[in-house]
Each structure stands twice: as structure tokens, then as C-alpha cells.
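One file, protein-v8.cif, carrying mmCIF, C-alpha atoms and all ligand atoms:
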```cif
data_input
loop_
_atom_site.label_atom_id
_atom_site.label_comp_id
_atom_site.auth_asym_id
_atom_site.auth_seq_id
_atom_site.Cartn_x
_atom_site.Cartn_y
_atom_site.Cartn_z
CA MET M 18 75.30 18.80 -10.31
CA SER M 19 75.58 19.13 -14.08
CA ILE M 20 77.00 21.43 -16.75
CA PRO M 21 73.52 22.96 -17.49
CA LEU M 22 73.05 23.77 -13.78
CA GLN M 23 76.54 25.24 -13.46
CA PHE M 24 75.90 27.22 -16.67
CA LEU M 25 72.89 28.83 -14.97
CA HIS M 26 75.04 29.75 -11.95
CA HIS M 27 78.24 30.75 -13.79
CA PRO M 28 77.45 31.27 -17.50
CA ARG M 29 80.66 33.06 -18.49
CA ARG M 30 83.01 30.79 -16.58
CA THR M 31 81.25 27.57 -17.68
CA GLY M 32 80.93 28.63 -21.31
CA ALA M 33 78.77 25.70 -22.48
CA ILE M 34 75.25 24.56 -21.77
CA THR M 35 75.99 20.87 -22.26
CA ALA M 36 78.96 18.58 -21.72
CA SER M 37 81.05 17.45 -24.68
CA SER M 38 79.82 14.36 -26.54
CA ALA M 39 81.71 11.07 -26.65
CA ALA M 40 82.58 11.80 -30.28
CA LEU M 41 84.16 15.15 -29.38
CA ALA M 42 86.01 13.54 -26.45
CA ARG M 43 87.40 10.99 -28.93
CA ARG M 44 88.52 13.74 -31.34
CA LEU M 45 90.24 15.57 -28.48
CA THR M 46 92.17 12.52 -27.35
CA GLU M 47 92.96 10.47 -30.45
CA PRO M 48 95.65 12.82 -31.90
CA LEU M 49 97.65 12.56 -28.66
CA ALA M 50 100.04 9.70 -27.93
CA LEU M 51 98.40 9.13 -24.56
CA HIS M 52 99.42 5.47 -24.39
CA SER M 53 103.08 6.51 -24.11
CA ALA M 54 102.57 9.71 -22.09
CA ARG M 55 103.66 9.85 -18.47
CA THR M 56 102.03 13.13 -17.46
CA VAL M 57 98.83 14.42 -19.01
CA VAL M 58 96.95 17.61 -18.08
CA GLU M 59 93.26 18.39 -18.57
CA LEU M 60 92.12 22.01 -18.22
CA GLY M 61 88.44 22.65 -17.41
CA PRO M 62 87.22 19.05 -17.03
CA GLY M 63 83.72 20.20 -16.03
CA THR M 64 81.80 17.04 -15.11
CA GLY M 65 84.44 14.76 -16.66
CA ALA M 66 83.01 14.14 -20.14
CA VAL M 67 86.52 14.18 -21.62
CA THR M 68 88.34 12.95 -18.50
CA GLY M 69 87.06 9.41 -18.99
CA ALA M 70 88.28 9.31 -22.59
CA ILE M 71 91.73 10.57 -21.54
CA ARG M 72 91.98 8.04 -18.74
CA ALA M 73 90.90 5.17 -20.99
CA ARG M 74 93.79 5.91 -23.40
CA MET M 75 96.45 6.59 -20.75
CA HIS M 76 99.23 4.17 -19.80
CA PRO M 77 98.44 2.52 -16.41
CA ASP M 78 101.51 4.21 -14.87
CA ALA M 79 100.69 7.66 -16.24
CA ARG M 80 99.26 10.51 -14.19
CA LEU M 81 96.44 12.87 -15.12
CA ILE M 82 96.41 16.33 -13.57
CA ALA M 83 93.01 17.99 -13.93
CA VAL M 84 92.62 21.72 -13.26
CA GLU M 85 89.08 23.01 -12.70
CA LEU M 86 88.21 26.50 -11.47
CA ASN M 87 84.69 25.67 -10.26
CA PRO M 88 84.99 23.93 -6.84
CA VAL M 89 81.66 22.08 -7.25
CA LEU M 90 82.77 20.57 -10.56
CA ALA M 91 86.29 19.89 -9.29
CA GLN M 92 84.88 17.88 -6.38
CA ALA M 93 82.56 15.96 -8.71
CA VAL M 94 85.50 14.99 -10.98
CA ARG M 95 87.60 14.10 -7.92
CA GLU M 96 84.89 11.69 -6.73
CA ARG M 97 84.08 10.28 -10.17
CA PHE M 98 87.71 9.54 -11.08
CA ALA M 99 89.13 8.75 -7.64
CA GLY M 100 92.43 6.90 -7.85
CA PRO M 101 96.18 7.37 -7.58
CA ASP M 102 96.43 8.17 -11.31
CA VAL M 103 94.21 11.30 -11.18
CA ASP M 104 94.94 14.55 -9.27
CA VAL M 105 92.21 17.18 -9.41
CA HIS M 106 93.17 20.74 -8.49
CA THR M 107 90.62 23.44 -7.79
CA ALA M 108 92.59 26.16 -9.52
CA SER M 109 92.91 28.32 -12.60
CA ALA M 110 94.59 27.05 -15.76
CA ALA M 111 96.84 30.11 -15.50
CA ASP M 112 98.42 28.54 -12.38
CA LEU M 113 99.32 25.30 -14.15
CA VAL M 114 103.07 25.86 -13.78
CA ASP M 115 102.69 25.61 -9.98
CA LEU M 116 100.63 22.40 -10.20
CA VAL M 117 102.98 20.14 -12.17
CA ASP M 118 106.34 18.87 -11.01
CA GLY M 119 107.93 18.07 -14.36
CA PRO M 120 107.46 18.24 -18.12
CA VAL M 121 104.01 17.40 -19.45
CA ASP M 122 103.49 15.19 -22.52
CA ALA M 123 100.01 16.35 -23.51
CA VAL M 124 97.41 18.93 -22.49
CA VAL M 125 93.70 18.63 -23.32
CA SER M 126 91.63 21.75 -22.78
CA GLY M 127 87.90 22.23 -22.34
CA LEU M 128 88.34 25.88 -21.39
CA PRO M 129 85.62 28.26 -22.62
CA TRP M 130 87.98 30.41 -24.71
CA ALA M 131 85.28 32.56 -26.28
CA ALA M 132 84.01 33.59 -22.86
CA MET M 133 87.43 34.29 -21.36
CA ARG M 134 89.11 37.70 -21.19
CA ALA M 135 92.17 38.15 -23.40
CA ASP M 136 94.52 38.20 -20.40
CA GLU M 137 92.97 34.97 -19.06
CA ARG M 138 93.35 33.30 -22.46
CA THR M 139 96.97 34.28 -22.95
CA ALA M 140 97.89 33.40 -19.35
CA ALA M 141 96.38 29.92 -19.79
CA LEU M 142 98.09 29.37 -23.16
CA ASP M 143 101.42 30.63 -21.81
CA ALA M 144 101.08 28.19 -18.91
CA VAL M 145 100.38 25.34 -21.35
CA THR M 146 103.46 26.06 -23.45
CA ALA M 147 105.57 26.55 -20.30
CA VAL M 148 104.81 23.04 -18.99
CA LEU M 149 104.79 21.07 -22.27
CA ARG M 150 107.80 19.07 -23.40
CA PRO M 151 109.37 20.37 -26.64
CA ASP M 152 107.65 17.49 -28.50
CA GLY M 153 104.43 17.84 -26.51
CA ALA M 154 100.96 18.33 -27.91
CA PHE M 155 97.82 20.26 -27.05
CA THR M 156 94.18 19.82 -28.07
CA THR M 157 91.21 22.07 -27.51
CA PHE M 158 87.84 22.57 -29.16
CA ALA M 159 85.86 25.42 -30.67
CA TYR M 160 82.25 25.63 -31.80
CA ILE M 161 81.76 25.73 -35.57
CA HIS M 162 79.02 28.40 -35.49
CA ALA M 163 81.49 30.82 -33.89
CA ALA M 164 84.59 29.79 -35.84
CA TRP M 165 84.88 33.19 -37.57
CA SER M 166 84.08 35.29 -34.51
CA PRO M 167 86.85 37.58 -33.21
CA PRO M 168 87.50 35.48 -30.05
CA ALA M 169 87.82 32.28 -32.09
CA ARG M 170 90.17 33.96 -34.55
CA ARG M 171 92.25 35.34 -31.70
CA LEU M 172 92.53 31.83 -30.20
CA ALA M 173 93.64 30.42 -33.56
CA ALA M 174 96.24 33.20 -33.91
CA ASP M 175 97.46 32.66 -30.34
CA LEU M 176 97.93 28.95 -31.09
CA ARG M 177 99.84 29.65 -34.31
CA ALA M 178 102.10 32.06 -32.40
CA ARG M 179 102.91 29.44 -29.78
CA PHE M 180 103.15 26.15 -31.68
CA ALA M 181 105.15 25.04 -34.71
CA GLU M 182 102.13 23.22 -36.17
CA VAL M 183 98.40 23.65 -35.63
CA HIS M 184 95.92 21.24 -37.27
CA ARG M 185 92.16 21.44 -37.38
CA SER M 186 89.92 18.35 -37.23
CA PRO M 187 86.80 17.72 -39.28
CA VAL M 188 83.62 19.02 -37.65
CA VAL M 189 82.13 16.79 -34.97
CA TRP M 190 78.46 17.09 -35.90
CA THR M 191 77.37 14.81 -33.06
CA ASN M 192 78.19 17.43 -30.46
CA THR M 193 75.82 20.12 -29.22
CA PRO M 194 76.68 22.52 -30.70
CA PRO M 195 78.87 21.01 -33.47
CA ALA M 196 82.54 21.63 -32.83
CA PHE M 197 86.04 20.99 -34.17
CA VAL M 198 89.38 20.37 -32.51
CA HIS M 199 92.59 22.38 -32.71
CA HIS M 200 95.58 20.04 -32.41
CA ALA M 201 98.79 21.98 -31.74
CA VAL M 202 102.22 20.35 -31.60
CA ASN M 203 105.78 21.39 -30.77
CA PRO M 204 105.51 24.49 -28.58
CA LYS M 205 107.85 27.19 -29.87
CA ALA M 206 110.77 28.23 -27.69
CA GLY M 207 110.86 32.00 -27.10
CA ARG M 208 107.17 32.34 -27.85
CA PRO M 209 105.41 35.73 -27.24
C1 LIG O 1 82.86 24.39 -21.63
S1 LIG O 1 83.05 23.63 -20.02
C2 LIG O 1 83.84 22.12 -20.58
C3 LIG O 1 83.63 20.97 -19.65
C4 LIG O 1 84.16 19.61 -20.17
N1 LIG O 1 85.58 19.65 -20.45
C5 LIG O 1 83.42 19.18 -21.41
O1 LIG O 1 84.04 19.22 -22.49
O2 LIG O 1 82.25 18.83 -21.30
C6 LIG O 1 84.41 24.64 -19.44
C7 LIG O 1 84.98 24.27 -18.08
O3 LIG O 1 86.14 25.06 -17.83
C8 LIG O 1 86.11 25.52 -16.48
N2 LIG O 1 86.95 26.74 -16.43
C9 LIG O 1 86.63 27.99 -16.89
N3 LIG O 1 87.67 28.82 -16.73
C10 LIG O 1 88.67 28.08 -16.19
C11 LIG O 1 90.02 28.38 -15.81
N4 LIG O 1 90.53 29.60 -15.97
N5 LIG O 1 90.77 27.39 -15.28
C12 LIG O 1 90.26 26.13 -15.12
N6 LIG O 1 88.99 25.79 -15.45
C13 LIG O 1 88.21 26.75 -15.99
C14 LIG O 1 84.64 25.74 -16.20
O4 LIG O 1 84.36 25.78 -14.82
C15 LIG O 1 84.01 24.55 -16.93
O5 LIG O 1 83.97 23.41 -16.09
#
```

Using the file provided, produce a representation of the structure as C-alpha cells.
Ligand SMILES: C[S@@+](CC[C@H](N)C(=O)[O-])C[C@H]1O[C@@H](n2cnc3c(N)ncnc32)[C@H](O)[C@@H]1O
Amino acid sequence: MSIPLQFLHHPRRTGAITASSAALARRLTEPLALHSARTVVELGPGTGAVTGAIRARMHPDARLIAVELNPVLAQAVRERFAGPDVDVHTASAADLVDLVDGPVDAVVSGLPWAAMRADERTAALDAVTAVLRPDGAFTTFAYIHAAWSPPARRLAADLRARFAEVHRSPVVWTNTPPAFVHHAVNPKAGRP
């Protein structure tokens, strides 16, 4: 089981032919105050390339809730990160509100935004802002070669509509393909 194999089976849903690099996982996690977080969510963990980086930065008493649509990948992450601090749900990101039992400090997403339908994208983003604390933060990545494509621009606009601040990281050239991270903070109340 691997991301390339799952890409062959489910290209649109998987959205990437390789897992994120360690450098991209670091960029996704370092802007978040994971050491002081109590509840962290990861959307689309895939094979767990970013999960390990999140877990390494988390407080020992914190809990990670991972939400993966593909049951094969969800089971792989469940086995790889078995422990009382990690809950893996085989579910859609859009159902996140039903999977958490309190406010969330940080959400890290590996969702394949460019391959998702508009209604899937907005449902997932609405779920993220619904569960985040008012001072919570969200990170997600986008590929640099597609940064000016309509789906990437729609994602950037959706983030600006939902968060008070959205920052963009330098390009992570040691990822295939090179990517950058959106870091969004302070979800807006009364968002669209
Ligand atoms: C591009 S891969 C990223 C995997 C991993 N996070 C990484 O960075 O290597 C996208 C992952 O999101 C999952 N996914 C796609 N749509 C989803 C959804 N609506 N809810 C939860 N997971 C989803 C896919 O099954 C896949 O594992």
C-alpha cells in the first residue's frame, strides 16, 4: 500500500502521485503551536507522511484526530500510529463536525483541493472553521506549478473569506512536485 498505488486506483480522490516530503511536513507543522495544543486534526493523512511530524510536535497529553476517506489508507495510518493519542476515522473531511467533541486548536490538511469539486471544497473548509477555536490555525499545501490555476485561486479566495489572516510560505523545492503552504489563522465568525 502506497500513495502511488492508491493514485492508480483513485486518481481524483488521492490527488498526488507521491507522499509529501519531510521538508513539506515540517512547513505544514512548524507555524502551528502544536506543543500547547490539546486537540489537533489532520485531514487526508494518506500514508502518514505528515502525521508523524504532527505527532512529534504534539504535547504528550494532546489528541490527534485523523480523517481519511480511503479505507485502505485509513487502516494503514491506524496501524502505523496506533496509540491512545491518535484516532483515525474513515470519513470525509466534510463530516469533521461529527467527529470531534470540542474545540480544535489546529487543523493540518493534505486534501487534494485541486481535484475536489467546489461543493466538496467548501464543505470541508466550512467544517474546518466550524470546529476551530477562535484563535485556532489551519495549514494546507498547494503545488507551485498550479498556483495560478482556477482551482488554486478559488482555494486562496475561500481561505481569505474564512480567516482573518492567510500567510504563504516560501516554496518547498524538496517536495515532488515543489509546493508551498497556506497558513490561515483566526477563523472569521459569520463566515460565508
Ligand atoms: C494528496 S494525498 C495527501 C496525503 C498525505 N497527507 C501527504 O501529504 O502525503 C490526499 C489524501 O486525502 C484523502 N482525501 C481525499 N478527499 C478526502 C476527503 N474528502 N476527506 C478526507 N480525506 C480525503 C485521499 O484519500 C488522500 O489520502

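In this structure, atom CA of M:Thr146 sits 5.7 Å away from atom CA of M:Pro204.
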
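Across the model, the gap from atom CA of M:Ser109 to atom CA of M:Leu128 is 10.2 Å.
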
* To do: Could you pull out the residues sitting within 9 Å of ligand LIG 1 (chain O), using all atoms listed in the file, and write them as a PyMOL selection string?
  => chain M and resi 20+23-24+27+29-38+41-42+59-68+83-91+107-113+125-130+132-133+137-138+140-141+158

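Atom to atom, atom CA of M:Ala173 and atom CA of M:Ala206 stand 18.2 Å apart.
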
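When only C-alpha atoms are used to compute distances to M:Ala164, the closest of the residues M:Pro101, M:Gly69, M:Pro194, M:Gly119 turns out to be M:Pro194.
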
* Asked: If you count all atoms listed in the file, which residues fall within 9 Å of M:Ala54, apart from same-chain ones fewer than 5 positions away, as a PyMOL selection string?
  -> chain M and resi 49+75-76+79-80+121-123

* Pick the closest to M:Val103 from M:Val57, M:Ala181, M:Val124, M:Ala144: which is it, counting all atoms listed in the file? -> M:Val57

Mind checking which residues fall within 9 Å of stretch 169-171 of chain M, counting all atoms listed in the file, ignoring those fewer than 2 positions away in the same chain, and posting them as a JSON list (two decimals) with C-alpha atoms, keeping the file's coordinate frame?
```json
[["chain", "number", "residue", "atom", "x", "y", "z"],
["M", 130, "TRP", "CA", 87.98, 30.41, -24.71],
["M", 131, "ALA", "CA", 85.28, 32.56, -26.28],
["M", 135, "ALA", "CA", 92.17, 38.15, -23.40],
["M", 159, "ALA", "CA", 85.86, 25.42, -30.67],
["M", 160, "TYR", "CA", 82.25, 25.63, -31.80],
["M", 163, "ALA", "CA", 81.49, 30.82, -33.89],
["M", 164, "ALA", "CA", 84.59, 29.79, -35.84],
["M", 165, "TRP", "CA", 84.88, 33.19, -37.57],
["M", 166, "SER", "CA", 84.08, 35.29, -34.51],
["M", 167, "PRO", "CA", 86.85, 37.58, -33.21],
["M", 173, "ALA", "CA", 93.64, 30.42, -33.56],
["M", 174, "ALA", "CA", 96.24, 33.20, -33.91],
["M", 175, "ASP", "CA", 97.46, 32.66, -30.34],
["M", 176, "LEU", "CA", 97.93, 28.95, -31.09]]
```

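Here the question is which of M:Asn192, M:Ser186, M:Asn203, M:Thr139 gets nearest to M:Asp152 using only C-alpha atoms, and that residue is M:Asn203.
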
* Given all atoms listed in the file as the counted atoms, nearest of M:Ala178, M:Ala196, M:Val189, M:Ile71 to M:His52 -> M:Ile71

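Here the question is which of M:Ala93, M:Val114, M:Val188, M:Leu45 gets nearest to M:Ala201 using only C-alpha atoms, and that residue is M:Leu45.
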
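Nearest to M:Arg55 of all the residues M:Leu149, M:Ala99, M:Ala39, M:Val105 is M:Leu149, based on only C-alpha atoms.
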